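J.: Input protein_39.txt, format and content: compact mmCIF, C-alpha atoms.
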# COMPACT_ATOMS: atom_id res chain seq x y z
CA MET A 1 249.71 236.88 91.28
CA GLN A 2 251.11 236.91 94.80
CA ASN A 3 248.18 238.99 96.02
CA ALA A 4 245.87 236.27 94.72
CA ALA A 5 247.88 233.70 96.65
CA SER A 6 247.75 235.79 99.82
CA ASP A 7 244.02 236.28 99.40
CA LEU A 8 243.56 232.53 99.02
CA ALA A 9 245.70 231.96 102.11
CA THR A 10 243.45 234.32 104.07
CA ARG A 11 240.29 232.60 102.80
CA LEU A 12 241.68 229.22 103.82
CA GLU A 13 242.57 230.45 107.30
CA GLN A 14 239.12 232.00 107.72
CA ASN A 15 237.61 228.60 106.91
CA ILE A 16 239.87 226.39 109.03
CA GLY A 17 236.95 225.18 111.19
CA PRO A 18 234.61 224.04 108.39
CA LEU A 19 237.49 222.61 106.36
CA SER A 20 238.90 220.61 109.27
CA ARG A 21 235.52 219.26 110.26
CA ARG A 22 234.57 218.30 106.72
CA CYS A 23 237.93 216.61 106.13
CA THR A 24 237.78 214.66 109.38
CA GLU A 25 234.16 213.66 108.81
CA ALA A 26 235.12 212.23 105.42
CA MET A 27 238.15 210.35 106.78
CA TYR A 28 236.17 208.89 109.65
CA GLY A 29 233.74 207.45 107.15
CA ASP A 30 236.34 204.67 107.05
CA PRO A 31 235.63 202.58 110.18
CA PHE A 32 239.36 202.00 110.60
CA TRP A 33 239.89 205.42 112.18
CA SER A 34 237.37 205.21 115.01
CA ALA A 35 238.27 201.61 115.73
CA ARG A 36 242.00 202.35 115.80
CA PHE A 37 242.25 205.76 117.39
CA GLY A 38 238.87 206.54 118.97
CA ALA A 39 237.48 209.93 119.89
CA ARG A 40 240.85 211.27 121.02
CA GLY A 41 242.30 210.36 117.64
CA ARG A 42 239.46 212.14 115.91
CA ALA A 43 240.16 215.31 117.91
CA HIS A 44 243.83 215.10 116.92
CA ALA A 45 242.87 214.48 113.28
CA GLU A 46 240.73 217.60 113.23
CA ALA A 47 243.51 219.65 114.85
CA ASP A 48 246.04 218.27 112.36
CA SER A 49 243.75 219.21 109.48
CA GLY A 50 243.81 222.74 110.83
CA TYR A 51 247.60 222.70 110.79
CA HIS A 52 247.55 221.42 107.18
CA VAL A 53 245.51 224.49 106.26
CA LYS A 54 247.88 226.81 108.13
CA TYR A 55 250.90 225.40 106.36
CA VAL A 56 249.24 225.50 102.95
CA ALA A 57 248.51 229.16 103.67
CA ALA A 58 252.12 229.72 104.76
CA ALA A 59 253.39 228.12 101.53
CA LEU A 60 251.04 230.27 99.43
CA ARG A 61 252.12 233.48 101.16
CA ALA A 62 255.79 232.58 100.85
CA ASP A 63 255.24 231.49 97.23
CA ASP A 64 257.31 228.47 98.20
CA VAL A 65 255.85 224.97 98.05
CA THR A 66 258.92 223.75 99.95
CA VAL A 67 257.34 225.09 103.12
CA PHE A 68 254.50 222.57 102.81
CA LYS A 69 256.71 219.74 101.60
CA LYS A 70 258.97 220.08 104.62
CA TYR A 71 255.94 220.22 106.88
CA ALA A 72 254.64 217.01 105.29
CA LEU A 73 257.97 215.22 105.77
CA TRP A 74 258.29 216.41 109.37
CA LEU A 75 254.70 215.42 110.17
CA ARG A 76 255.20 212.00 108.60
CA GLY A 77 258.05 211.40 111.03
CA VAL A 78 255.77 212.31 113.93
CA LEU A 79 252.84 210.21 112.72
CA VAL A 80 254.70 206.98 111.84
CA SER A 81 255.82 206.80 115.46
CA ARG A 82 252.15 206.97 116.41
CA ASN A 83 250.94 203.94 114.40
CA MET A 84 250.08 205.79 111.23
CA CYS A 85 251.60 205.60 107.77
CA SER A 86 252.52 207.91 104.91
CA TRP A 87 249.41 206.89 102.99
CA HIS A 88 247.23 208.11 105.88
CA LEU A 89 248.85 211.52 105.70
CA ALA A 90 248.53 211.70 101.92
CA GLU A 91 244.90 210.65 102.28
CA SER A 92 244.30 213.49 104.75
CA PHE A 93 245.71 215.91 102.17
CA ARG A 94 243.40 214.43 99.53
CA GLN A 95 240.36 214.73 101.79
CA LEU A 96 241.31 218.30 102.67
CA THR A 97 241.50 219.14 98.96
CA LEU A 98 238.02 217.68 98.51
CA ALA A 99 236.82 219.68 101.51
CA MET A 100 238.18 222.90 99.99
CA ARG A 101 236.35 222.20 96.74
CA ALA A 102 233.18 221.31 98.63
CA GLU A 103 233.35 224.67 100.46
CA HIS A 104 233.56 226.34 97.02
CA LEU A 105 236.55 228.43 97.96
CA GLU A 106 237.75 230.64 95.12
CA GLY A 107 241.15 229.84 93.64
CA VAL A 108 241.44 226.52 95.43
CA ASP A 109 243.36 224.88 92.57
CA ARG A 110 246.54 226.51 93.78
CA ALA A 111 246.06 225.12 97.28
CA ALA A 112 245.34 221.72 95.76
CA GLU A 113 248.64 221.89 93.88
CA VAL A 114 250.49 222.63 97.12
CA MET A 115 248.95 219.65 98.87
CA HIS A 116 249.58 217.43 95.87
CA GLU A 117 253.26 218.38 96.01
CA GLY A 118 253.23 217.59 99.71
CA ALA A 119 251.78 214.14 99.04
CA LEU A 120 254.37 213.49 96.32
CA ALA A 121 257.14 214.50 98.70
CA LEU A 122 256.13 211.61 100.95
CA GLY A 123 257.20 209.09 98.31
CA TYR A 124 260.52 207.44 99.12
CA GLN A 125 263.27 207.88 96.55
CA ALA A 126 266.20 205.98 98.03
CA GLY A 127 267.12 202.75 99.76
CA ASP A 128 264.88 199.74 100.13
CA ALA A 129 261.86 201.95 100.76
CA GLY A 130 262.60 203.76 97.50
CA GLU A 131 262.89 200.45 95.69
CA LEU A 132 259.55 199.28 97.07
CA THR A 133 257.96 202.60 96.11
CA ALA A 134 259.30 202.32 92.56
CA HIS A 135 257.64 198.90 92.21
CA LEU A 136 254.31 199.81 93.80
CA ALA A 137 252.37 199.71 90.53
CA ASN A 138 253.86 196.32 89.57
CA ILE A 139 253.20 194.90 93.01
CA GLU A 140 249.60 196.09 92.99
CA ARG A 141 249.11 194.66 89.50
CA GLN A 142 250.48 191.32 90.60
CA ALA A 143 248.34 191.43 93.73
CA GLN A 144 245.10 191.91 91.72
CA PRO A 145 243.84 194.80 93.82
CA GLU A 146 240.14 194.04 93.41
CA SER A 147 240.52 191.14 95.79
CA CYS A 148 243.01 192.81 98.09
CA TYR A 149 242.43 194.09 101.55
CA ARG A 150 243.56 197.68 102.16
CA ILE A 151 246.61 197.11 99.95
CA ALA A 152 247.71 200.74 99.54
CA GLU A 153 247.76 201.19 103.29
CA LEU A 154 249.67 197.91 103.84
CA LEU A 155 252.27 198.84 101.23
CA SER A 156 252.69 202.24 102.85
CA PHE A 157 253.28 200.70 106.27
CA LEU A 158 255.85 198.40 104.67
CA ALA A 159 257.66 201.29 103.00
CA ASP A 160 257.67 203.30 106.23
CA GLY A 161 258.96 200.26 108.10
CA LEU A 162 261.83 199.87 105.63
CA ALA A 163 262.69 203.57 105.67
CA HIS A 164 262.66 203.89 109.44
CA SER A 165 264.08 200.41 110.19
CA ASP A 166 260.95 199.86 112.24
CA ASP A 167 259.93 196.24 112.70
CA ARG A 168 257.05 197.01 115.01
CA THR A 169 254.55 199.33 113.39
CA PHE A 170 253.63 197.15 110.39
CA ALA A 171 253.04 194.17 112.68
CA CYS A 172 250.92 196.30 115.04
CA HIS A 173 248.81 197.48 112.13
CA VAL A 174 248.27 193.99 110.72
CA THR A 175 247.47 192.62 114.16
CA PHE A 176 244.91 195.36 114.58
CA LEU A 177 243.34 194.55 111.20
CA ASN A 178 243.34 190.83 112.00
CA ASP A 179 241.91 191.18 115.50
CA THR A 180 239.53 194.07 115.06
CA LEU A 181 238.61 195.17 111.60
CA ALA A 182 238.69 192.02 109.46
CA ARG A 183 236.01 190.26 111.45
CA ASP A 184 234.12 189.00 108.44
CA ALA A 185 235.49 185.64 107.27
CA SER A 186 235.90 186.80 103.69
CA GLU A 187 237.67 190.00 104.81
CA HIS A 188 239.94 187.96 107.01
CA ARG A 189 240.75 185.62 104.14
CA ALA A 190 241.37 188.63 101.87
CA LEU A 191 243.80 190.04 104.43
CA LEU A 192 245.82 186.83 104.60
CA ASP A 193 245.74 186.43 100.80
CA THR A 194 246.94 190.02 100.44
CA LEU A 195 249.83 189.42 102.83
CA ARG A 196 250.85 186.27 100.97
CA THR A 197 250.66 188.05 97.63
CA LEU A 198 252.65 191.03 98.89
CA ARG A 199 255.29 188.71 100.27
CA GLU A 200 255.60 186.78 97.02
CA ALA A 201 255.58 189.94 94.89
CA ALA A 202 258.29 191.54 97.02
CA LEU A 203 260.54 188.48 96.73
CA ASN A 204 259.95 188.28 92.97
CA LEU A 205 260.19 191.93 92.02
CA LEU A 206 262.60 193.52 94.49
CA SER A 207 266.29 193.00 95.04
CA ALA A 208 267.28 190.18 97.39
CA THR A 209 267.91 192.61 100.24
CA ALA A 210 264.75 194.64 99.91
CA GLY A 211 262.61 191.60 99.15
CA SER A 212 263.82 189.68 102.18
CA ARG A 213 263.30 192.71 104.43
CA VAL A 214 259.71 193.02 103.22
CA ALA A 215 259.18 189.28 103.69
CA LYS A 216 260.59 189.52 107.19
CA LEU A 217 258.22 192.37 108.07
CA ILE A 218 255.27 190.34 106.83
CA ASP A 219 256.48 187.20 108.59
CA SER A 220 256.82 189.12 111.86
CA CYS A 221 253.04 189.41 111.98
CA GLY A 222 252.88 185.67 112.60
CA LEU A 223 249.78 185.19 110.48
CA LEU A 224 251.24 183.29 107.55
CA GLU A 225 252.60 179.78 107.69
CA VAL A 226 256.12 180.18 106.35
CA PRO A 227 257.73 176.99 105.02
CA PRO A 228 261.03 176.18 106.75
CA PRO A 229 264.19 176.75 104.69
CA PRO A 230 265.51 173.62 102.94
CA THR A 231 268.31 171.72 104.75
CA SER A 232 271.18 169.75 103.16
CA ASN A 233 269.44 166.44 104.12
CA ASP A 234 266.54 167.29 101.82
CA ALA A 235 268.80 166.55 98.86
CA PHE A 236 268.89 162.93 99.94
CA ALA A 237 265.18 162.57 100.71
CA LEU A 238 263.43 159.90 98.65
CA MET M 239 276.50 213.56 120.51
CA MET M 240 275.67 214.99 123.95
CA SER M 241 278.23 215.34 126.71
CA PRO M 242 277.86 213.34 129.94
CA LEU M 243 276.71 216.49 131.75
CA ALA M 244 274.12 217.16 129.05
CA GLU M 245 272.93 213.56 129.28
CA ARG M 246 272.51 213.92 133.04
CA TYR M 247 270.68 217.20 132.58
CA LEU M 248 268.38 215.56 130.03
CA GLN M 249 267.67 212.67 132.39
CA ALA M 250 266.82 215.14 135.15
CA GLN M 251 264.35 216.79 132.78
CA LEU M 252 262.76 213.45 131.92
CA ASP M 253 262.57 212.56 135.63
CA GLY M 254 261.08 215.98 136.37
CA SER M 255 263.78 216.71 138.92
CA ARG M 256 264.39 220.46 139.03
CA ALA M 257 266.92 220.03 141.83
CA GLU M 258 268.99 217.52 139.89
CA ALA M 259 268.90 219.64 136.73
CA LEU M 260 270.15 222.68 138.65
CA ALA M 261 272.77 220.53 140.36
CA VAL M 262 274.10 219.52 136.93
CA VAL M 263 274.24 223.16 135.86
CA MET M 264 276.12 224.11 139.05
CA GLU M 265 278.51 221.21 138.54
CA ALA M 266 279.18 222.42 135.00
CA LEU M 267 279.99 225.87 136.35
CA HIS M 268 282.32 224.44 139.00
CA GLN M 269 284.09 222.41 136.33
CA GLY M 270 284.84 225.68 134.58
CA MET M 271 282.29 225.43 131.78
CA THR M 272 281.41 228.92 130.59
CA VAL M 273 277.84 230.17 130.84
CA PRO M 274 277.45 230.50 127.04
CA LYS M 275 278.61 226.90 126.65
CA ILE M 276 276.14 225.75 129.30
CA HIS M 277 273.38 227.57 127.40
CA LEU M 278 274.22 225.91 124.12
CA GLU M 279 275.78 222.56 125.00
CA ILE M 280 273.61 221.60 127.93
CA VAL M 281 270.31 223.50 127.98
CA GLN M 282 269.76 224.00 124.25
CA ALA M 283 271.19 220.61 123.30
CA ALA M 284 268.88 218.92 125.79
CA GLN M 285 265.91 220.88 124.48
CA TYR M 286 266.60 219.75 120.92
CA GLU M 287 266.73 216.16 122.16
CA ILE M 288 263.48 216.66 124.08
CA GLY M 289 261.88 217.85 120.84
CA ARG M 290 263.18 214.78 119.01
CA LEU M 291 261.87 212.47 121.74
CA TRP M 292 258.40 213.98 121.44
CA GLU M 293 258.45 213.73 117.64
CA THR M 294 259.30 210.03 117.86
CA ASN M 295 256.56 209.46 120.45
CA SER M 296 259.14 208.54 123.07
CA ILE M 297 257.77 211.13 125.51
CA SER M 298 254.39 212.78 125.90
CA ILE M 299 253.62 216.45 125.48
CA ALA M 300 253.31 216.71 129.28
CA VAL M 301 256.89 215.52 129.72
CA GLU M 302 257.99 217.93 127.01
CA HIS M 303 256.39 220.79 128.92
CA GLN M 304 257.96 219.56 132.16
CA ALA M 305 261.38 219.54 130.53
CA THR M 306 260.93 223.01 129.09
CA ALA M 307 259.84 224.38 132.45
CA ILE M 308 263.06 222.99 133.94
CA SER M 309 265.14 224.69 131.27
CA GLN M 310 263.36 227.99 131.94
CA LEU M 311 264.36 227.58 135.59
CA ALA M 312 267.94 226.72 134.65
CA LEU M 313 268.26 229.82 132.48
CA SER M 314 266.86 231.95 135.30
CA ASN M 315 269.45 230.51 137.67
CA LEU M 316 272.23 231.28 135.22
CA TYR M 317 271.16 234.90 134.69
CA ASP M 318 273.11 236.34 137.61
CA ARG M 319 276.18 234.51 136.38
CA LEU M 320 276.15 235.89 132.85
CA PRO M 321 279.62 237.25 132.00
CA ARG M 322 279.01 240.73 130.69
CA ALA M 323 281.10 242.68 128.24
CA PRO M 324 281.31 246.43 128.79
CA THR M 325 278.06 248.10 127.87
CA LYS M 326 277.74 249.21 124.28
CA GLY M 327 275.07 251.76 125.08
CA LYS M 328 272.77 250.05 122.57
CA ARG M 329 269.24 248.92 123.37
CA VAL M 330 267.66 245.77 121.89
CA LEU M 331 264.02 244.77 122.25
CA LEU M 332 263.17 241.10 121.73
CA ALA M 333 259.75 239.53 121.36
CA CYS M 334 258.00 236.44 120.07
CA VAL M 335 255.27 237.40 117.64
CA GLU M 336 251.57 237.13 118.40
CA GLY M 337 250.50 233.51 118.77
CA GLU M 338 254.07 232.26 119.14
CA LEU M 339 254.40 230.44 122.45
CA HIS M 340 257.88 228.96 121.97
CA ASP M 341 260.10 231.50 123.70
CA MET M 342 263.13 229.45 124.75
CA GLY M 343 265.15 230.60 121.75
CA SER M 344 264.44 234.26 122.44
CA ARG M 345 265.41 233.82 126.10
CA ILE M 346 268.77 232.37 125.12
CA ALA M 347 269.18 235.11 122.51
CA ALA M 348 268.45 237.77 125.15
CA ASP M 349 271.12 236.31 127.43
CA PHE M 350 273.69 236.24 124.63
CA LEU M 351 272.94 239.87 123.74
CA GLU M 352 273.33 240.94 127.38
CA MET M 353 276.60 239.04 127.61
CA ASP M 354 277.77 240.98 124.56
CA GLY M 355 277.06 244.31 126.27
CA PHE M 356 273.66 245.16 124.84
CA GLU M 357 270.87 246.52 127.05
CA VAL M 358 268.00 244.11 126.51
CA ARG M 359 264.24 244.18 127.02
CA LEU M 360 262.65 240.76 126.55
CA LEU M 361 258.88 240.84 126.05
CA GLY M 362 258.50 237.05 125.93
CA ALA M 363 255.92 234.97 124.11
CA ASN M 364 252.80 235.89 122.12
CA VAL M 365 253.15 239.67 121.98
CA PRO M 366 250.28 241.39 120.14
CA ALA M 367 251.52 243.57 117.29
CA VAL M 368 249.84 246.73 118.54
CA SER M 369 251.31 246.35 122.00
CA LEU M 370 254.72 245.51 120.55
CA ALA M 371 254.75 248.71 118.49
CA GLU M 372 253.73 250.75 121.56
CA ARG M 373 256.65 249.23 123.45
CA VAL M 374 259.05 250.05 120.62
CA GLU M 375 257.85 253.68 120.69
CA HIS M 376 258.33 253.79 124.47
CA TYR M 377 261.74 252.08 124.68
CA ARG M 378 263.25 253.47 121.43
CA PRO M 379 265.56 250.51 120.89
CA HIS M 380 268.48 250.60 118.49
CA LEU M 381 267.34 247.19 117.26
CA VAL M 382 264.21 245.04 117.39
CA ALA M 383 264.57 241.24 117.23
CA LEU M 384 261.47 239.18 116.48
CA SER M 385 261.16 235.44 116.90
CA ALA M 386 258.87 232.94 115.18
CA THR M 387 259.20 229.19 115.65
CA MET M 388 256.20 227.99 113.64
CA THR M 389 256.19 228.85 109.93
CA PHE M 390 252.49 229.64 109.99
CA HIS M 391 253.19 232.54 112.37
CA LEU M 392 254.76 234.47 109.52
CA PRO M 393 251.59 236.55 109.00
CA ALA M 394 251.88 237.60 112.64
CA LEU M 395 255.52 238.47 111.99
CA GLU M 396 254.52 240.57 108.97
CA SER M 397 251.89 242.30 111.11
CA ALA M 398 254.44 243.04 113.83
CA ILE M 399 256.82 244.52 111.27
CA ALA M 400 254.02 246.58 109.69
CA HIS M 401 252.98 248.01 113.07
CA ILE M 402 256.58 248.96 113.89
CA ARG M 403 256.99 250.57 110.47
CA ALA M 404 253.83 252.60 111.12
CA SER M 405 255.12 253.81 114.52
CA ASN M 406 257.32 256.80 115.32
CA GLN M 407 260.25 254.35 115.38
CA ARG M 408 259.59 253.25 111.82
CA ASN M 409 263.25 253.22 110.83
CA VAL M 410 264.49 250.96 113.62
CA PRO M 411 266.45 248.01 112.24
CA ILE M 412 264.60 244.73 112.64
CA LEU M 413 266.15 241.30 112.95
CA VAL M 414 264.16 238.10 112.65
CA GLY M 415 265.00 234.61 113.78
CA GLY M 416 263.56 231.30 114.81
CA ARG M 417 262.89 227.89 113.36
CA ALA M 418 259.99 229.23 111.28
CA PHE M 419 262.56 230.04 108.62
CA SER M 420 264.10 226.59 108.44
CA TRP M 421 261.32 225.34 106.12
CA GLY M 422 261.52 228.26 103.71
CA GLU M 423 264.96 229.79 103.71
CA ALA M 424 263.97 232.59 101.34
CA ILE M 425 261.10 233.75 103.51
CA ALA M 426 263.21 236.20 105.51
CA GLU M 427 264.34 237.83 102.26
CA ARG M 428 260.76 238.82 101.47
CA LEU M 429 260.29 240.68 104.77
CA ASP M 430 261.02 244.34 105.46
CA VAL M 431 263.85 243.40 107.84
CA GLN M 432 267.53 244.14 107.91
CA GLY M 433 268.94 240.89 109.24
CA PHE M 434 268.39 237.26 110.10
CA GLY M 435 269.70 235.37 113.10
CA GLY M 436 269.67 231.59 112.71
CA ASP M 437 271.07 231.00 116.17
CA ALA M 438 272.07 233.04 119.22
CA GLU M 439 275.65 233.62 118.11
CA GLN M 440 274.62 234.68 114.59
CA LEU M 441 272.02 236.97 116.15
CA VAL M 442 274.72 238.71 118.20
CA ARG M 443 276.89 239.20 115.09
CA GLU M 444 273.93 240.66 113.21
CA ALA M 445 273.05 242.86 116.19
CA ARG M 446 276.59 244.24 116.24
CA ARG M 447 276.43 244.93 112.50
CA LEU M 448 273.05 246.62 112.59
CA THR M 449 273.83 248.81 115.59
CA GLY M 450 277.34 249.64 114.48
CA SER M 451 278.81 248.11 117.61
Starting from the file, lay out its structure as C-alpha cells.

T.:
Amino acid sequence: MQNAASDLATRLEQNIGPLSRRCTEAMYGDPFWSARFGARGRAHAEADSGYHVKYVAAALRADDVTVFKKYALWLRGVLVSRNMCSWHLAESFRQLTLAMRAEHLEGVDRAAEVMHEGALALGYQAGDAGELTAHLANIERQAQPESCYRIAELLSFLADGLAHSDDRTFACHVTFLNDTLARDASEHRALLDTLRTLREAALNLLSATAGSRVAKLIDSCGLLEVPPPPTSNDAFAL
Amino acid sequence: MMSPLAERYLQAQLDGSRAEALAVVMEALHQGMTVPKIHLEIVQAAQYEIGRLWETNSISIAVEHQATAISQLALSNLYDRLPRAPTKGKRVLLACVEGELHDMGSRIAADFLEMDGFEVRLLGANVPAVSLAERVEHYRPHLVALSATMTFHLPALESAIAHIRASNQRNVPILVGGRAFSWGEAIAERLDVQGFGGDAEQLVREARRLTGS
C-alpha cells in the first residue's frame, strides 16, 4: 500500500511541469487573475502549483495527510497577506486535481483525497470566522446565488478578514472588482446587490458580534449607502 | 517577546546595516551575554521574526535574504568567541540534504556541538547524497547529523541515509533535524535514523547520547 503511495508521489513529481502549467492555465481562464496579479502573479501561481505537488507527494510518502493540511494552513497565511483568500487556495487545489486527472496519472484518487483534506482544513471552525463558515450555505441560499457576483470568493474574503482581524483586504478586493472587473453595468449592479444581500444575511443569521463585524467590513468598501442609526429625536418626529 | 538587543539587531537586519548588527552583537558580549544565548536569543530569534515578516508580506524576499546574510556574518564573527568544553574526541559531520538551501539551523547546531566539545565538520547547504557518503567514508565521524527545512526534501533525506548505509560507514549513528519535521511529527520515526534534534540544544543532548559522551 505504501509502495503504491510512494510510486504515485514519484509520478506526481515527475509531472510537476505539465501539472503546474495545466492548473495555472485553467485558473487564468478566469479574467480576475490576470487583471489582479498580472504576469508576475501567473509565474508565482505556477511555482505555487509545483509546491502543491511536492507537498502532496510528501504527504503520500509519509502516509500522513497532516503534512499537506499544515502546508495548506501555512500557505493560506502567506497568501491572505498578498490579497488572496482561502477560496483561491482551495480553488487551486481543485484545479490541480483536475489537472492530475487530465494527465491520466495512475492512482490519482489518493492524491485527490489529500488535496481535498487540505481544502477542508482551510475552513474556519472557531470564532466569528467559524460562525460565518457554519452559515455559508444559509447565506448563499438567502443571497440567491444565480444573481450573485463572485459570492463564494466574497464570502471567503470576509471569513479571512474576520479570522485575521484584517479590515483592509476585503475592501481592496471589492474596490478592485468595482473599479476593474465589474465594468459591465449589470455586473456592477450584481456586485452591489450581492454586497447588500451579504450584509443583510450576516445581520440576520449571525450573532450580533459576528454580524456587525461582517457589516462593518462591507461598509468599509464605501460602495453601499448605509442609513444613519436612529437618534432619540426620531421618536418625536411627526 | 524579543529583548531590546534583539529588537535592535532585527532593525539592523531590516536596514541592511551589517555594521550595526555586529555592533549589537559586540554590545551583547560586553554586557556579559553568553555566546549560546546570543545565538538563540538574538540571532535565531531575529531570524524567526524575519520569517514571520516575510510570511505576512511585511518584507520582501530580498530583505529576507539581506537579513539572513547579516546573520551568517554575525555567526562567523562569534565563532572565535565560542566557549569550548574539553574535547570529547568525538567527530560529528553535519550537512543539509540535497536541494536544501536553508542552512542557518545547521550552522547554529555546528556551533553548539563545538561548544560542547565535539569535533565538527559542517558541509553546509545542498549536499548531494553521493558526495555526502564519500565524505562520511573519508572523515569516519562518530555521528552524522542531517538537516532538512522543507518537508518535501524528505526524499533527499532518505537518499542521503541510503547512501550512508551503503557506504563503509554504514553503521554510523544518524541524527536528523530541521523544520521539515514540524508538519509531520511521525516522519522521523519512519527513517533509518537513531535520533531527532528539534533544536540546537536537543541536538547536543542526542549527540551526547548517541556517541556515549

J.: Using only C-alpha atoms and a distance of at most 7 Å, pull out the residues of chain M that contact chain A, as an NGL selection string.

T.: :M and (293-295 or 389-390 or 421-422 or 425)

J.: Taking only C-alpha atoms into account, name the residue in M:Arg446, M:Lys275, M:Arg256, M:Arg290 that is nearest to Ser241 (chain M).

T.: M:Lys275

J.: With only C-alpha atoms as the atoms that count, which of M:Met353, M:Met342, M:Val263, M:Leu381 lies nearest to Gly416 (chain M)?

T.: M:Met342

J.: Pick the closest to Ala394 (chain M) from M:Val410, M:Leu278, M:Ala305, M:Val368: which is it, counting all atoms listed in the file?

T.: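 Smallest distance to Ala394 (chain M) is found for M:Val368.
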
J.: Skipping near chain neighbours, those fewer than 4 positions away, what residues fall within 12 Å of region 89-93 of chain A using all atoms listed in the file, listed as a ChimeraX atom specification?

T.: /A:19-28,30,33,45-53,55-56,68-69,71-80,83-85,97-100,111-123,152-153,156-157

J.: What would the file look like if the residues just selected were written as a PDB file, in the coordinates of the input with C-alpha atoms?

T.:
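Generated output (part_36.pdb):
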ATOM      1  CA  LEU A  19     237.490 222.610 106.360  1.00  0.00           C
ATOM      2  CA  SER A  20     238.900 220.610 109.270  1.00  0.00           C
ATOM      3  CA  ARG A  21     235.520 219.260 110.260  1.00  0.00           C
ATOM      4  CA  ARG A  22     234.570 218.300 106.720  1.00  0.00           C
ATOM      5  CA  CYS A  23     237.930 216.610 106.130  1.00  0.00           C
ATOM      6  CA  THR A  24     237.780 214.660 109.380  1.00  0.00           C
ATOM      7  CA  GLU A  25     234.160 213.660 108.810  1.00  0.00           C
ATOM      8  CA  ALA A  26     235.120 212.230 105.420  1.00  0.00           C
ATOM      9  CA  MET A  27     238.150 210.350 106.780  1.00  0.00           C
ATOM     10  CA  TYR A  28     236.170 208.890 109.650  1.00  0.00           C
ATOM     11  CA  ASP A  30     236.340 204.670 107.050  1.00  0.00           C
ATOM     12  CA  TRP A  33     239.890 205.420 112.180  1.00  0.00           C
ATOM     13  CA  ALA A  45     242.870 214.480 113.280  1.00  0.00           C
ATOM     14  CA  GLU A  46     240.730 217.600 113.230  1.00  0.00           C
ATOM     15  CA  ALA A  47     243.510 219.650 114.850  1.00  0.00           C
ATOM     16  CA  ASP A  48     246.040 218.270 112.360  1.00  0.00           C
ATOM     17  CA  SER A  49     243.750 219.210 109.480  1.00  0.00           C
ATOM     18  CA  GLY A  50     243.810 222.740 110.830  1.00  0.00           C
ATOM     19  CA  TYR A  51     247.600 222.700 110.790  1.00  0.00           C
ATOM     20  CA  HIS A  52     247.550 221.420 107.180  1.00  0.00           C
ATOM     21  CA  VAL A  53     245.510 224.490 106.260  1.00  0.00           C
ATOM     22  CA  TYR A  55     250.900 225.400 106.360  1.00  0.00           C
ATOM     23  CA  VAL A  56     249.240 225.500 102.950  1.00  0.00           C
ATOM     24  CA  PHE A  68     254.500 222.570 102.810  1.00  0.00           C
ATOM     25  CA  LYS A  69     256.710 219.740 101.600  1.00  0.00           C
ATOM     26  CA  TYR A  71     255.940 220.220 106.880  1.00  0.00           C
ATOM     27  CA  ALA A  72     254.640 217.010 105.290  1.00  0.00           C
ATOM     28  CA  LEU A  73     257.970 215.220 105.770  1.00  0.00           C
ATOM     29  CA  TRP A  74     258.290 216.410 109.370  1.00  0.00           C
ATOM     30  CA  LEU A  75     254.700 215.420 110.170  1.00  0.00           C
ATOM     31  CA  ARG A  76     255.200 212.000 108.600  1.00  0.00           C
ATOM     32  CA  GLY A  77     258.050 211.400 111.030  1.00  0.00           C
ATOM     33  CA  VAL A  78     255.770 212.310 113.930  1.00  0.00           C
ATOM     34  CA  LEU A  79     252.840 210.210 112.720  1.00  0.00           C
ATOM     35  CA  VAL A  80     254.700 206.980 111.840  1.00  0.00           C
ATOM     36  CA  ASN A  83     250.940 203.940 114.400  1.00  0.00           C
ATOM     37  CA  MET A  84     250.080 205.790 111.230  1.00  0.00           C
ATOM     38  CA  CYS A  85     251.600 205.600 107.770  1.00  0.00           C
ATOM     39  CA  THR A  97     241.500 219.140  98.960  1.00  0.00           C
ATOM     40  CA  LEU A  98     238.020 217.680  98.510  1.00  0.00           C
ATOM     41  CA  ALA A  99     236.820 219.680 101.510  1.00  0.00           C
ATOM     42  CA  MET A 100     238.180 222.900  99.990  1.00  0.00           C
ATOM     43  CA  ALA A 111     246.060 225.120  97.280  1.00  0.00           C
ATOM     44  CA  ALA A 112     245.340 221.720  95.760  1.00  0.00           C
ATOM     45  CA  GLU A 113     248.640 221.890  93.880  1.00  0.00           C
ATOM     46  CA  VAL A 114     250.490 222.630  97.120  1.00  0.00           C
ATOM     47  CA  MET A 115     248.950 219.650  98.870  1.00  0.00           C
ATOM     48  CA  HIS A 116     249.580 217.430  95.870  1.00  0.00           C
ATOM     49  CA  GLU A 117     253.260 218.380  96.010  1.00  0.00           C
ATOM     50  CA  GLY A 118     253.230 217.590  99.710  1.00  0.00           C
ATOM     51  CA  ALA A 119     251.780 214.140  99.040  1.00  0.00           C
ATOM     52  CA  LEU A 120     254.370 213.490  96.320  1.00  0.00           C
ATOM     53  CA  ALA A 121     257.140 214.500  98.700  1.00  0.00           C
ATOM     54  CA  LEU A 122     256.130 211.610 100.950  1.00  0.00           C
ATOM     55  CA  GLY A 123     257.200 209.090  98.310  1.00  0.00           C
ATOM     56  CA  ALA A 152     247.710 200.740  99.540  1.00  0.00           C
ATOM     57  CA  GLU A 153     247.760 201.190 103.290  1.00  0.00           C
ATOM     58  CA  SER A 156     252.690 202.240 102.850  1.00  0.00           C
ATOM     59  CA  PHE A 157     253.280 200.700 106.270  1.00  0.00           C
TER      60      PHE A 157
END

J.: CA of Thr272 (chain M) to CA of Ala284 (chain M): how many Å, to one decimal?

T.: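 So the two atoms, CA of Thr272 (chain M) and CA of Ala284 (chain M), lie 16.7 Å apart.
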
J.: Please check which residues have atoms at most 9 Å from (261.3, 214.8, 132.5) in the file's coordinates, counting only C-alpha atoms, and write them as a list in words.

T.: Leu248, Gln249, Ala250, Gln251, Leu252, Asp253, Gly254, Ser255, Ile288, Ile297, Ala300, Val301, Glu302, His303, Gln304, Ala305, Thr306 and Ile308 of chain M

J.: Rounded to one decimal in Å, what is the spacing between CA of Met240 (chain M) and CA of Ser165 (chain A)?

T.: 23.2 Å

J.: Work out how far apart CA of His44 (chain A) and CA of Leu96 (chain A) are and give it in Å to one decimal.

T.: 14.8 Å

J.: Within 12 Å of Ile346 (chain M), counting all atoms listed in the file, which residues qualify if same-chain residues fewer than 3 places away don't, as an MDAnalysis selection string?

T.: chainID M and resid 273:278 281:282 285 309:310 312:314 316:317 320 332 340:343 349:353 358 360 362 385 416 437:439 441:442

J.: Do a neighbour search on Thr180 (chain A) at 12 Å with only C-alpha atoms, toss out local chain neighbours closer than 6 positions, and write the hits as a list in words.

T.: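 The residues that qualify are Pro31, Phe32, Trp33, Ser34, Ala35, Arg36, Cys172, His173, Val174, Glu187 and His188 of chain A.
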